[in-house]
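Asks: Coordinates in query_31.txt, compact mmCIF, N, CA and C atoms and all ligand atoms, are listed below.
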```txt
# COMPACT_ATOMS: atom_id res chain seq x y z
N MET X 1 0.85 -1.20 0.00
CA MET X 1 0.00 0.00 0.00
C MET X 1 0.89 1.25 0.00
N LYS X 2 0.26 2.35 -0.40
CA LYS X 2 1.00 3.60 -0.44
C LYS X 2 0.58 4.42 0.78
N VAL X 3 1.53 4.79 1.62
CA VAL X 3 1.23 5.55 2.82
C VAL X 3 1.98 6.87 2.77
N ASN X 4 1.23 7.95 2.81
CA ASN X 4 1.80 9.30 2.73
C ASN X 4 2.77 9.42 1.55
N GLY X 5 2.37 8.82 0.43
CA GLY X 5 3.14 8.96 -0.80
C GLY X 5 4.26 7.95 -1.00
N ILE X 6 4.45 7.03 -0.03
CA ILE X 6 5.53 6.04 -0.16
C ILE X 6 4.91 4.64 -0.23
N TRP X 7 5.39 3.84 -1.18
CA TRP X 7 4.88 2.47 -1.30
C TRP X 7 5.56 1.56 -0.29
N TYR X 8 4.77 0.71 0.36
CA TYR X 8 5.30 -0.28 1.31
C TYR X 8 4.77 -1.65 0.92
N GLU X 9 5.64 -2.64 1.03
CA GLU X 9 5.22 -4.02 0.81
C GLU X 9 5.62 -4.83 2.02
N ARG X 10 4.65 -5.46 2.66
CA ARG X 10 4.94 -6.22 3.87
C ARG X 10 4.07 -7.47 3.91
N GLU X 11 4.61 -8.52 4.55
CA GLU X 11 3.80 -9.70 4.87
C GLU X 11 3.15 -9.41 6.21
N VAL X 12 1.82 -9.55 6.30
CA VAL X 12 1.18 -9.26 7.59
C VAL X 12 0.24 -10.40 8.00
N GLU X 13 -0.03 -10.44 9.29
CA GLU X 13 -1.02 -11.37 9.82
C GLU X 13 -2.39 -10.99 9.25
N PRO X 14 -3.19 -11.98 8.86
CA PRO X 14 -4.50 -11.65 8.29
C PRO X 14 -5.39 -10.86 9.25
N ARG X 15 -5.16 -11.05 10.55
CA ARG X 15 -6.05 -10.36 11.51
C ARG X 15 -5.52 -9.01 11.97
N GLN X 16 -4.38 -8.59 11.44
CA GLN X 16 -3.81 -7.33 11.91
C GLN X 16 -4.67 -6.14 11.48
N LEU X 17 -4.87 -5.21 12.42
CA LEU X 17 -5.64 -4.00 12.11
C LEU X 17 -4.73 -2.96 11.48
N LEU X 18 -5.33 -2.17 10.61
CA LEU X 18 -4.55 -1.13 9.91
C LEU X 18 -3.87 -0.18 10.89
N VAL X 19 -4.56 0.17 11.96
CA VAL X 19 -3.96 1.11 12.92
C VAL X 19 -2.67 0.53 13.51
N HIS X 20 -2.63 -0.77 13.72
CA HIS X 20 -1.42 -1.39 14.26
C HIS X 20 -0.32 -1.43 13.22
N PHE X 21 -0.69 -1.67 11.98
CA PHE X 21 0.30 -1.66 10.91
C PHE X 21 0.95 -0.28 10.82
N LEU X 22 0.11 0.76 10.82
CA LEU X 22 0.64 2.12 10.68
C LEU X 22 1.55 2.48 11.85
N ARG X 23 1.12 2.15 13.04
CA ARG X 23 1.89 2.54 14.23
C ARG X 23 3.11 1.64 14.46
N ASP X 24 2.87 0.33 14.41
CA ASP X 24 3.93 -0.60 14.82
C ASP X 24 4.91 -0.93 13.70
N GLU X 25 4.39 -1.09 12.48
CA GLU X 25 5.28 -1.45 11.36
C GLU X 25 5.93 -0.22 10.74
N LEU X 26 5.14 0.85 10.62
CA LEU X 26 5.67 2.03 9.91
C LEU X 26 6.10 3.15 10.86
N GLY X 27 5.80 2.99 12.14
CA GLY X 27 6.22 4.01 13.12
C GLY X 27 5.43 5.31 13.02
N LEU X 28 4.25 5.26 12.40
CA LEU X 28 3.44 6.48 12.25
C LEU X 28 2.51 6.60 13.46
N THR X 29 3.10 7.03 14.56
CA THR X 29 2.37 7.01 15.83
C THR X 29 1.49 8.25 16.03
N GLY X 30 1.42 9.12 15.02
CA GLY X 30 0.47 10.23 15.09
C GLY X 30 -0.96 9.71 15.12
N THR X 31 -1.20 8.60 14.48
CA THR X 31 -2.51 7.94 14.52
C THR X 31 -2.65 7.26 15.87
N LYS X 32 -3.67 7.65 16.63
CA LYS X 32 -3.80 7.16 18.00
C LYS X 32 -4.81 6.02 18.10
N ILE X 33 -4.70 5.29 19.22
CA ILE X 33 -5.70 4.26 19.54
C ILE X 33 -6.37 4.70 20.83
N GLY X 34 -7.66 5.00 20.73
CA GLY X 34 -8.37 5.44 21.92
C GLY X 34 -9.28 4.38 22.49
N CYS X 35 -9.88 3.58 21.61
CA CYS X 35 -10.88 2.64 22.10
C CYS X 35 -10.74 1.25 21.47
N ASP X 36 -10.30 1.22 20.20
CA ASP X 36 -10.17 -0.05 19.49
C ASP X 36 -11.52 -0.66 19.12
N THR X 37 -12.58 0.08 19.33
CA THR X 37 -13.92 -0.47 19.03
C THR X 37 -14.74 0.47 18.15
N SER X 38 -14.09 1.29 17.38
CA SER X 38 -14.70 2.21 16.41
C SER X 38 -15.60 3.28 17.04
N THR X 39 -15.30 3.65 18.28
CA THR X 39 -16.14 4.64 18.97
C THR X 39 -15.52 6.03 18.97
N CYS X 40 -14.19 6.15 19.12
CA CYS X 40 -13.63 7.45 19.49
C CYS X 40 -13.08 8.28 18.33
N GLY X 41 -12.68 7.64 17.24
CA GLY X 41 -12.16 8.41 16.09
C GLY X 41 -10.70 8.82 16.19
N ALA X 42 -10.02 8.45 17.28
CA ALA X 42 -8.60 8.85 17.42
C ALA X 42 -7.73 8.24 16.32
N CYS X 43 -8.21 7.16 15.73
CA CYS X 43 -7.42 6.41 14.74
C CYS X 43 -7.77 6.79 13.30
N THR X 44 -8.48 7.90 13.11
CA THR X 44 -8.97 8.27 11.77
C THR X 44 -7.82 8.55 10.79
N VAL X 45 -7.91 7.95 9.62
CA VAL X 45 -6.97 8.21 8.53
C VAL X 45 -7.78 8.30 7.23
N LEU X 46 -7.14 8.70 6.15
CA LEU X 46 -7.81 8.67 4.85
C LEU X 46 -7.40 7.41 4.10
N LEU X 47 -8.40 6.71 3.58
CA LEU X 47 -8.14 5.52 2.77
C LEU X 47 -8.74 5.81 1.40
N ASN X 48 -7.88 5.90 0.41
CA ASN X 48 -8.30 6.32 -0.93
C ASN X 48 -9.16 7.59 -0.86
N GLY X 49 -8.71 8.52 -0.02
CA GLY X 49 -9.36 9.82 0.07
C GLY X 49 -10.57 9.90 0.98
N LYS X 50 -11.03 8.76 1.51
CA LYS X 50 -12.20 8.79 2.40
C LYS X 50 -11.76 8.56 3.84
N SER X 51 -12.43 9.23 4.77
CA SER X 51 -12.00 9.05 6.16
C SER X 51 -12.52 7.72 6.69
N VAL X 52 -11.64 7.00 7.36
CA VAL X 52 -12.01 5.71 7.97
C VAL X 52 -11.37 5.63 9.36
N LYS X 53 -11.99 4.84 10.20
CA LYS X 53 -11.40 4.56 11.50
C LYS X 53 -10.49 3.34 11.31
N SER X 54 -9.20 3.56 11.44
CA SER X 54 -8.26 2.51 11.04
C SER X 54 -8.25 1.33 12.01
N CYS X 55 -8.99 1.44 13.13
CA CYS X 55 -9.13 0.26 14.00
C CYS X 55 -10.26 -0.64 13.54
N THR X 56 -10.96 -0.21 12.47
CA THR X 56 -12.04 -1.05 11.95
C THR X 56 -11.67 -1.65 10.60
N VAL X 57 -10.44 -1.40 10.16
CA VAL X 57 -9.99 -1.89 8.85
C VAL X 57 -8.84 -2.87 9.06
N LEU X 58 -8.91 -3.99 8.39
CA LEU X 58 -7.78 -4.93 8.43
C LEU X 58 -6.71 -4.42 7.47
N THR X 59 -5.47 -4.65 7.83
CA THR X 59 -4.38 -4.23 6.95
C THR X 59 -4.57 -4.82 5.55
N VAL X 60 -4.98 -6.07 5.49
CA VAL X 60 -5.12 -6.72 4.18
C VAL X 60 -6.23 -6.08 3.34
N GLN X 61 -7.19 -5.45 4.02
CA GLN X 61 -8.25 -4.76 3.27
C GLN X 61 -7.71 -3.50 2.60
N ALA X 62 -6.59 -3.02 3.08
CA ALA X 62 -6.01 -1.81 2.50
C ALA X 62 -4.93 -2.15 1.48
N ASP X 63 -4.86 -3.42 1.09
CA ASP X 63 -3.88 -3.85 0.09
C ASP X 63 -4.05 -3.02 -1.19
N GLY X 64 -2.99 -2.37 -1.61
CA GLY X 64 -3.02 -1.58 -2.86
C GLY X 64 -3.64 -0.20 -2.70
N ALA X 65 -4.10 0.13 -1.49
CA ALA X 65 -4.78 1.41 -1.29
C ALA X 65 -3.79 2.53 -1.00
N GLU X 66 -4.33 3.76 -1.07
CA GLU X 66 -3.54 4.93 -0.68
C GLU X 66 -4.03 5.41 0.66
N ILE X 67 -3.12 5.47 1.62
CA ILE X 67 -3.46 5.90 2.97
C ILE X 67 -2.78 7.23 3.27
N THR X 68 -3.52 8.11 3.91
CA THR X 68 -2.91 9.34 4.39
C THR X 68 -3.13 9.43 5.89
N THR X 69 -2.05 9.60 6.63
CA THR X 69 -2.15 9.76 8.08
C THR X 69 -1.89 11.24 8.41
N ILE X 70 -2.05 11.58 9.66
CA ILE X 70 -1.83 12.98 10.06
C ILE X 70 -0.44 13.46 9.64
N GLU X 71 0.55 12.55 9.63
CA GLU X 71 1.91 12.95 9.27
C GLU X 71 2.00 13.41 7.82
N GLY X 72 1.15 12.85 6.96
CA GLY X 72 1.24 13.18 5.54
C GLY X 72 0.11 14.08 5.06
N LEU X 73 -0.75 14.48 5.98
CA LEU X 73 -1.93 15.26 5.60
C LEU X 73 -1.55 16.70 5.30
N ASP X 74 -2.00 17.17 4.14
CA ASP X 74 -1.72 18.54 3.74
C ASP X 74 -2.83 19.44 4.33
N ALA X 75 -2.67 19.80 5.60
CA ALA X 75 -3.73 20.54 6.28
C ALA X 75 -3.13 21.59 7.20
N LYS X 76 -2.20 22.36 6.63
CA LYS X 76 -1.47 23.34 7.45
C LYS X 76 -2.42 24.34 8.11
N GLU X 77 -3.40 24.80 7.31
CA GLU X 77 -4.34 25.82 7.81
C GLU X 77 -5.13 25.31 9.01
N LEU X 78 -5.59 24.07 8.90
CA LEU X 78 -6.36 23.47 10.01
C LEU X 78 -5.48 23.30 11.24
N LYS X 79 -4.28 22.82 11.02
CA LYS X 79 -3.36 22.61 12.15
C LYS X 79 -3.11 23.94 12.87
N GLU X 80 -2.86 25.01 12.08
CA GLU X 80 -2.63 26.33 12.66
C GLU X 80 -3.87 26.82 13.40
N SER X 81 -5.01 26.60 12.79
CA SER X 81 -6.26 27.07 13.37
C SER X 81 -6.56 26.37 14.70
N PHE X 82 -6.27 25.08 14.77
CA PHE X 82 -6.44 24.35 16.04
C PHE X 82 -5.55 24.98 17.12
N LYS X 83 -4.33 25.32 16.70
CA LYS X 83 -3.39 25.91 17.66
C LYS X 83 -3.88 27.29 18.11
N GLU X 84 -4.22 28.11 17.14
CA GLU X 84 -4.67 29.48 17.46
C GLU X 84 -5.92 29.52 18.32
N ASN X 85 -6.82 28.59 18.09
CA ASN X 85 -8.10 28.61 18.79
C ASN X 85 -8.11 27.75 20.06
N PHE X 86 -6.94 27.29 20.47
CA PHE X 86 -6.84 26.43 21.65
C PHE X 86 -7.82 25.25 21.55
N ALA X 87 -7.83 24.61 20.39
CA ALA X 87 -8.78 23.54 20.14
C ALA X 87 -8.25 22.18 20.61
N LEU X 88 -7.24 22.21 21.47
CA LEU X 88 -6.74 20.95 22.03
C LEU X 88 -6.23 21.18 23.44
N GLN X 89 -6.33 20.13 24.22
CA GLN X 89 -5.74 20.19 25.56
C GLN X 89 -4.72 19.07 25.68
N CYS X 90 -5.16 17.84 25.91
CA CYS X 90 -4.17 16.75 25.98
C CYS X 90 -3.64 16.41 24.59
N GLY X 91 -4.44 16.67 23.55
CA GLY X 91 -4.02 16.45 22.18
C GLY X 91 -4.23 15.04 21.65
N TYR X 92 -4.77 14.17 22.49
CA TYR X 92 -4.87 12.77 22.06
C TYR X 92 -5.85 12.59 20.89
N CYS X 93 -6.93 13.36 20.93
CA CYS X 93 -7.93 13.22 19.86
C CYS X 93 -7.55 14.02 18.62
N THR X 94 -6.57 14.91 18.75
CA THR X 94 -6.33 15.93 17.73
C THR X 94 -5.97 15.39 16.34
N PRO X 95 -5.05 14.42 16.23
CA PRO X 95 -4.74 13.94 14.87
C PRO X 95 -5.99 13.42 14.14
N GLY X 96 -6.76 12.60 14.84
CA GLY X 96 -7.98 12.05 14.22
C GLY X 96 -8.98 13.14 13.92
N MET X 97 -9.07 14.11 14.81
CA MET X 97 -10.00 15.22 14.63
C MET X 97 -9.63 16.03 13.39
N ILE X 98 -8.34 16.29 13.24
CA ILE X 98 -7.89 17.09 12.09
C ILE X 98 -8.07 16.33 10.78
N VAL X 99 -7.78 15.04 10.78
CA VAL X 99 -7.99 14.25 9.56
C VAL X 99 -9.48 14.28 9.19
N GLN X 100 -10.34 14.09 10.19
CA GLN X 100 -11.78 14.09 9.94
C GLN X 100 -12.25 15.47 9.48
N ALA X 101 -11.76 16.52 10.13
CA ALA X 101 -12.16 17.89 9.76
C ALA X 101 -11.73 18.19 8.33
N HIS X 102 -10.54 17.77 7.98
CA HIS X 102 -10.02 17.99 6.63
C HIS X 102 -10.92 17.30 5.60
N TYR X 103 -11.27 16.07 5.88
CA TYR X 103 -12.15 15.32 4.97
C TYR X 103 -13.52 15.99 4.89
N PHE X 104 -14.04 16.37 6.04
CA PHE X 104 -15.36 16.99 6.10
C PHE X 104 -15.39 18.29 5.28
N LEU X 105 -14.36 19.12 5.44
CA LEU X 105 -14.34 20.40 4.73
C LEU X 105 -14.17 20.24 3.22
N LYS X 106 -13.55 19.15 2.83
CA LYS X 106 -13.44 18.87 1.39
C LYS X 106 -14.83 18.57 0.82
N GLU X 107 -15.62 17.84 1.61
CA GLU X 107 -16.97 17.47 1.19
C GLU X 107 -17.96 18.61 1.38
N HIS X 108 -17.72 19.46 2.40
CA HIS X 108 -18.64 20.56 2.74
C HIS X 108 -17.82 21.84 2.93
N PRO X 109 -17.49 22.51 1.83
CA PRO X 109 -16.60 23.67 1.94
C PRO X 109 -17.20 24.85 2.72
N HIS X 110 -18.53 24.97 2.79
CA HIS X 110 -19.15 26.09 3.49
C HIS X 110 -20.17 25.60 4.51
N PRO X 111 -19.71 24.90 5.52
CA PRO X 111 -20.65 24.27 6.45
C PRO X 111 -21.22 25.24 7.48
N SER X 112 -22.41 24.94 7.93
CA SER X 112 -22.97 25.65 9.08
C SER X 112 -22.37 25.03 10.34
N GLU X 113 -22.59 25.70 11.47
CA GLU X 113 -22.09 25.14 12.72
C GLU X 113 -22.69 23.75 12.99
N GLU X 114 -23.97 23.62 12.70
CA GLU X 114 -24.65 22.34 12.91
C GLU X 114 -24.00 21.24 12.05
N GLU X 115 -23.70 21.60 10.82
CA GLU X 115 -23.07 20.62 9.91
C GLU X 115 -21.68 20.23 10.40
N ILE X 116 -20.95 21.20 10.95
CA ILE X 116 -19.61 20.88 11.49
C ILE X 116 -19.77 19.90 12.66
N ARG X 117 -20.70 20.21 13.55
CA ARG X 117 -20.93 19.31 14.70
C ARG X 117 -21.27 17.90 14.23
N GLU X 118 -22.13 17.84 13.21
CA GLU X 118 -22.53 16.55 12.64
C GLU X 118 -21.31 15.86 12.00
N GLY X 119 -20.51 16.66 11.29
CA GLY X 119 -19.36 16.13 10.55
C GLY X 119 -18.31 15.49 11.43
N ILE X 120 -18.18 15.97 12.67
CA ILE X 120 -17.15 15.40 13.55
C ILE X 120 -17.77 14.57 14.69
N HIS X 121 -19.05 14.22 14.53
CA HIS X 121 -19.72 13.55 15.65
C HIS X 121 -19.11 12.18 15.96
N GLY X 122 -18.36 11.60 15.03
CA GLY X 122 -17.74 10.30 15.28
C GLY X 122 -16.39 10.42 15.98
N ASN X 123 -15.98 11.64 16.28
CA ASN X 123 -14.68 11.85 16.94
C ASN X 123 -14.91 12.41 18.34
N ILE X 124 -14.43 11.69 19.31
CA ILE X 124 -14.68 12.08 20.70
C ILE X 124 -13.48 12.83 21.28
N CYS X 125 -13.78 13.92 21.98
CA CYS X 125 -12.76 14.65 22.72
C CYS X 125 -13.20 14.70 24.18
N ARG X 126 -12.35 14.23 25.05
CA ARG X 126 -12.77 14.19 26.46
C ARG X 126 -12.34 15.46 27.20
N CYS X 127 -11.59 16.35 26.52
CA CYS X 127 -11.05 17.51 27.23
C CYS X 127 -11.73 18.83 26.92
N THR X 128 -11.95 19.13 25.64
CA THR X 128 -12.20 20.53 25.27
C THR X 128 -13.65 20.98 25.31
N GLY X 129 -14.59 20.07 25.36
CA GLY X 129 -15.99 20.48 25.27
C GLY X 129 -16.38 20.87 23.85
N TYR X 130 -15.51 20.66 22.90
CA TYR X 130 -15.78 20.81 21.46
C TYR X 130 -15.87 22.26 20.95
N GLN X 131 -16.18 23.19 21.84
CA GLN X 131 -16.45 24.55 21.37
C GLN X 131 -15.31 25.13 20.52
N ASN X 132 -14.08 25.00 21.03
CA ASN X 132 -12.95 25.57 20.29
C ASN X 132 -12.59 24.74 19.06
N ILE X 133 -12.92 23.49 19.10
CA ILE X 133 -12.69 22.65 17.90
C ILE X 133 -13.61 23.14 16.78
N ILE X 134 -14.86 23.38 17.10
CA ILE X 134 -15.82 23.87 16.11
C ILE X 134 -15.35 25.24 15.59
N LYS X 135 -14.90 26.07 16.51
CA LYS X 135 -14.43 27.40 16.14
C LYS X 135 -13.25 27.31 15.17
N ALA X 136 -12.32 26.39 15.47
CA ALA X 136 -11.13 26.23 14.62
C ALA X 136 -11.52 25.76 13.22
N ILE X 137 -12.45 24.85 13.16
CA ILE X 137 -12.87 24.33 11.85
C ILE X 137 -13.62 25.42 11.09
N LYS X 138 -14.46 26.15 11.82
CA LYS X 138 -15.25 27.20 11.21
C LYS X 138 -14.35 28.30 10.64
N GLN X 139 -13.30 28.60 11.35
CA GLN X 139 -12.37 29.64 10.89
C GLN X 139 -11.75 29.25 9.54
N VAL X 140 -11.39 28.00 9.41
CA VAL X 140 -10.80 27.54 8.15
C VAL X 140 -11.85 27.53 7.04
N ALA X 141 -13.09 27.23 7.42
CA ALA X 141 -14.17 27.18 6.43
C ALA X 141 -14.61 28.59 6.04
N GLY X 142 -14.05 29.62 6.72
CA GLY X 142 -14.42 30.98 6.38
C GLY X 142 -15.67 31.44 7.11
N GLY X 143 -16.05 30.74 8.17
CA GLY X 143 -17.22 31.15 8.95
C GLY X 143 -16.89 32.39 9.76
N GLU X 144 -17.88 32.93 10.40
CA GLU X 144 -17.69 34.18 11.12
C GLU X 144 -17.07 33.98 12.50
N GLY X 145 -16.97 32.72 12.93
CA GLY X 145 -16.24 32.44 14.15
C GLY X 145 -17.06 32.44 15.42
N HIS X 146 -18.32 32.94 15.36
CA HIS X 146 -19.11 32.93 16.59
C HIS X 146 -19.77 31.56 16.76
N VAL X 147 -19.49 30.95 17.91
CA VAL X 147 -19.99 29.59 18.12
C VAL X 147 -20.84 29.56 19.38
N HIS X 148 -22.00 28.95 19.26
CA HIS X 148 -22.85 28.78 20.44
C HIS X 148 -22.36 27.60 21.25
N GLY X 149 -22.45 27.70 22.59
CA GLY X 149 -22.03 26.61 23.44
C GLY X 149 -22.90 25.44 23.28
S1 LIG X 201 -9.35 3.63 18.27
FE1 LIG X 201 -10.46 3.55 16.44
S2 LIG X 201 -12.30 4.56 16.85
FE2 LIG X 201 -11.28 4.54 18.76
S1 LIG X 202 -7.79 17.32 23.60
FE1 LIG X 202 -7.79 15.67 25.00
S2 LIG X 202 -9.14 14.26 24.10
FE2 LIG X 202 -9.35 16.00 22.87
```
Translate this file's structure into structure tokens.
Replies:
Amino acid sequence: MKVNGIWYEREVEPRQLLVHFLRDELGLTGTKIGCDTSTCGACTVLLNGKSVKSCTVLTVQADGAEITTIEGLDAKELKESFKENFALQCGYCTPGMIVQAHYFLKEHPHPSEEEIREGIHGNICRCTGYQNIIKAIKQVAGGEGHVHG
């Protein structure tokens, strides 16, 4: 498979999860494991351009696919906006959140606040209360920045 623009060929266990391949085999530890049960979104990556929770994908299912992780994601504006808007505290959810936000904004370039909330509803943050995350995404989308609690 191609990961962040580089082709990799490996023999893997049929039951290995993609998130483990990325972290353990390729050392791409920006992709986090929060739950391992497809609940938290910390493991979100792009698979052939679509956002997926990499703890729900077997490595073999990604055979021949193009994967983008937070390390290879071209999302400078979003990353800056998260920083400026204090949209992270512990930072554990942040890589998955940014990958998901990037995908969401590609699909919805001019989202309403409600649409942003809906767009990231599969990504859990236990620290921030989401307000600043929404603000950061809205800023990149060109929204006016006022967010209701
Ligand atoms: S680790 Fe994949 S969704 Fe939580
Ligand atoms: S910043 Fe800690 S989980 Fe989101």
Asks: List every protein, DNA or RNA residue that has an atom no more than 9 Å from (-9.8, 8.4, 14.5) in the file's coordinate frame, counting only C-alpha atoms, and report them as a list in words.
Replies: Thr31, Lys32, Ile33, Gly34, Ser38, Thr39, Cys40, Gly41, Ala42, Cys43, Thr44, Val45, Ser51, Val52, Lys53, Ser54, Cys55, Cys93, Thr94, Pro95, Gly96, Met97, Val99, Gln100, Gly122, Asn123 and Ile124 of chain X
Asks: Which value, in Å to one decimal, gives the distance between CA of Asp63 (chain X) and CA of Val19 (chain X)?
Replies: 13.8 Å
Asks: Of the residues X:Ala101, X:Ala87, X:Val57, X:Ala65, which is the one nearest to ligand LIG 201 (chain X), using only N, CA and C atoms and all ligand atoms?
Replies: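 Result for the nearest residue to ligand LIG 201 (chain X): X:Val57.
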Asks: Could you please determine the separation between atom N of Asp36 (chain X) and atom FE1 of ligand LIG 201 (chain X) in Å, to one decimal place?
Replies: 4.4 Å
Asks: Fewer than 6 positions away in the same chain doesn't count, so skip those; otherwise give me all residues within 8 Å of Thr128 (chain X), counting all atoms listed in the file, as a list in words.
Replies: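 That gives Phe86, Ala87, Leu88, Gln89 and Cys90 of chain X.
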Asks: With distances taken over all atoms listed in the file, which residue among X:Gly119, X:Arg126, X:Thr56, X:Val3 lies nearest ligand LIG 201 (chain X)?
Replies: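 Ranked by minimum distance to ligand LIG 201 (chain X), first place goes to X:Thr56.
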Asks: If we count all atoms listed in the file and set the cut-off at 8 Å, which residues sit around Val60 (chain X), ignoring sequence neighbours fewer than 4 positions away in its own chain? Please answer as a list in words.
Replies: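 Using all atoms listed in the file, the neighbours found are Val12, Glu13, Pro14, Arg15, Gln16, Leu17, Leu18 and Gly64 of chain X.
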Asks: Taking only N, CA and C atoms and all ligand atoms into account, name the residue in X:His108, X:Gly91, X:Gly49, X:Glu118 that is nearest to ligand LIG 202 (chain X).
Replies: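 Using only N, CA and C atoms and all ligand atoms, ligand LIG 202 (chain X) sits closest to X:Gly91.
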Asks: Any idea what the distance is between CA of Glu11 (chain X) and CA of Thr69 (chain X)?
Replies: 20.6 Å
Asks: Taking into account only N, CA and C atoms, which residue in the set X:His110, X:Gly30, X:Tyr92, X:Phe82 is nearest to Ile70 (chain X)?
Replies: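 Looking only at the distances to Ile70 (chain X), the closest residue turns out to be X:Gly30.
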Asks: Quick one: DSSP alpha helix (DSSP H) residues in region 10-111 of chain X, as a list in words?
Replies: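 Here are the alpha helix (DSSP H) residues of region 10-111 of chain X: Leu18, Val19, His20, Lys76, Glu77, Leu78, Lys79, Glu80, Ser81, Phe82, Lys83, Glu84, Thr94, Pro95, Gly96, Met97, Ile98, Val99, Gln100, Ala101, His102, Tyr103, Phe104, Leu105, Lys106 and Glu107 of chain X.
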